[in-house]
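The structure appears right after this line, and notes come after that.
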Amino acid sequence: MIWPLIAVLAGSYVLGCFLAAYYVTRWRHGVDIRASGSGNAGARNMARVYGMPYAVLTLLIDGAKGAIAVWAGIYFVGLEWAG
């Protein structure tokens with residue numbers, strides 16, 4: 001039971017390290033979003049610097065990261081350990 005828990009924790013950490021705003025701006029504009037606006041790699045700064053479509057895309061990717069982490073916890077280690 002410990003190895004699936006460790007794997008889910010490690011995988012969730014790796015997902016959390018993925019900065020959606022950073023990769024979206026690198027892909028579309030070739031720049032680092034952290035060097036623009038407030039310097040935050042989040043949806044609000046994306047809206048401020050590049051507009052709402054990019055902010056929505058960033059928000060959806062960040063939400064999906066959280067949903068995947070929760071799903072993996074429930075699926076691989078069960079409800080009582082997922083939290």
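Identifiers in the structure tokens: chain A, B, ... in order shown; residue index from 1 per chain; ligand index from 1 in order shown.
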Can I get the residues of range 19-52 of chain A within 6 Å of range 58-63 of chain A, each with the closest pair of atoms and their distance in Å to one decimal, using only C-alpha atoms, sorted chain first then ascending number, as CSV?
residue,atom,partner,partner_atom,distance
A:Ala20,CA,A:Thr58,CA,5.5
A:Ala21,CA,A:Thr58,CA,5.5
A:Ala43,CA,A:Thr58,CA,5.5
Check your understanding: Near Val70 in chain A, counting only C-alpha atoms, which residues have an atom at most 12 Å away, once you skip same-chain residues fewer than 5 positions from it, shown as a ChimeraX atom specification?
Key -> /A:8-9,11-13,15-16,63-65,75-79,81-83
Go ahead and write the selection's residues with N, CA, C and O atoms as a compact mmCIF listing (two decimals), in the first residue's frame.
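This went into selection11.txt:
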# COMPACT_ATOMS: atom_id res chain seq x y z
N VAL A 8 1.74 8.21 -6.15
CA VAL A 8 0.73 9.25 -6.33
C VAL A 8 1.24 10.58 -5.79
O VAL A 8 1.06 11.63 -6.43
N LEU A 9 1.90 10.56 -4.65
CA LEU A 9 2.45 11.80 -4.10
C LEU A 9 3.51 12.39 -5.02
O LEU A 9 3.51 13.59 -5.29
N GLY A 11 3.88 11.80 -8.29
CA GLY A 11 3.23 12.25 -9.53
C GLY A 11 2.47 13.55 -9.35
O GLY A 11 2.50 14.43 -10.22
N SER A 12 1.80 13.71 -8.22
CA SER A 12 1.07 14.94 -7.94
C SER A 12 2.03 16.12 -7.79
O SER A 12 1.74 17.23 -8.23
N TYR A 13 3.17 15.87 -7.18
CA TYR A 13 4.18 16.92 -7.04
C TYR A 13 4.69 17.36 -8.41
O TYR A 13 4.81 18.55 -8.69
N LEU A 15 3.12 17.10 -11.27
CA LEU A 15 2.04 17.87 -11.92
C LEU A 15 2.01 19.30 -11.41
O LEU A 15 1.80 20.24 -12.17
N GLY A 16 2.18 19.47 -10.10
CA GLY A 16 2.16 20.80 -9.51
C GLY A 16 3.32 21.67 -9.97
O GLY A 16 3.22 22.89 -9.97
N GLY A 63 -6.63 23.64 -13.67
CA GLY A 63 -7.73 22.87 -13.08
C GLY A 63 -7.62 21.39 -13.39
O GLY A 63 -7.89 20.54 -12.53
N ALA A 64 -7.22 21.07 -14.61
CA ALA A 64 -7.04 19.67 -15.01
C ALA A 64 -5.93 19.02 -14.20
O ALA A 64 -6.04 17.84 -13.83
N LYS A 65 -4.87 19.77 -13.91
CA LYS A 65 -3.79 19.23 -13.09
C LYS A 65 -4.31 18.81 -11.71
O LYS A 65 -3.99 17.73 -11.22
N TYR A 75 -8.15 6.72 -7.21
CA TYR A 75 -8.07 5.49 -7.99
C TYR A 75 -6.98 4.55 -7.47
O TYR A 75 -7.20 3.34 -7.35
N PHE A 76 -5.81 5.07 -7.17
CA PHE A 76 -4.68 4.21 -6.83
C PHE A 76 -4.54 3.90 -5.35
O PHE A 76 -3.99 2.86 -5.00
N VAL A 77 -4.98 4.77 -4.47
CA VAL A 77 -4.81 4.51 -3.04
C VAL A 77 -6.12 4.49 -2.26
O VAL A 77 -6.12 4.18 -1.08
N GLY A 78 -7.23 4.82 -2.87
CA GLY A 78 -8.52 4.74 -2.19
C GLY A 78 -8.92 6.04 -1.53
O GLY A 78 -8.11 6.93 -1.31
N LEU A 79 -10.19 6.11 -1.18
CA LEU A 79 -10.75 7.33 -0.61
C LEU A 79 -10.15 7.70 0.74
O LEU A 79 -9.92 8.87 1.03
N TRP A 81 -7.18 7.22 1.91
CA TRP A 81 -5.80 7.70 1.82
C TRP A 81 -5.65 8.86 0.83
O TRP A 81 -4.61 9.52 0.81
N ALA A 82 -6.63 9.10 0.01
CA ALA A 82 -6.51 10.11 -1.04
C ALA A 82 -6.29 11.51 -0.47
O ALA A 82 -5.58 12.32 -1.06
N GLY A 83 -6.93 11.83 0.62
CA GLY A 83 -6.78 13.14 1.23
C GLY A 83 -5.40 13.36 1.77
O GLY A 83 -4.82 14.41 1.73
Check your understanding: Which is closest to Thr25 in chain A among A:Ala72, A:Met1, A:Ala55, A:Ala7, if we use only C-alpha atoms?
Key ->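 Using only C-alpha atoms, the shortest distance to Thr25 in chain A belongs to A:Ala55.
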Practice item. Enumerate, as JSON, numbers by chain, the complete set of residues in chain A that a backbone-based DSSP assignment places in helix (DSSP H, G or I). Key: {"A": [2, 3, 4, 5, 6, 7, 8, 9, 10, 11, 12, 13, 14, 15, 16, 17, 20, 21, 22, 23, 24, 25, 26, 27, 28, 33, 34, 35, 43, 44, 45, 46, 47, 48, 49, 50, 52, 53, 54, 55, 56, 57, 58, 59, 60, 61, 62, 63, 64, 65, 66, 67, 68, 69, 70, 71, 72, 73, 74, 75, 76, 77, 79, 80, 81, 82]}
Check your understanding: Using only C-alpha atoms, which residues sit within 12 Å of Ile33 in chain A once same-chain residues fewer than 3 positions away are excluded, as an MDAnalysis selection string?
Key -> chainID A and resid 19:30 36:50 54:55 58
Review point. What is the distance, in Å and to one decimal place, between CA of Gly73 in chain A and CA of Ile6 in chain A?
Key: 10.3 Å
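If only C-alpha atoms are the atoms counted, then among A:Ile74, A:Ala69, A:Glu80, A:Val31 the closest residue to Ala10 in chain A is A:Ala69.
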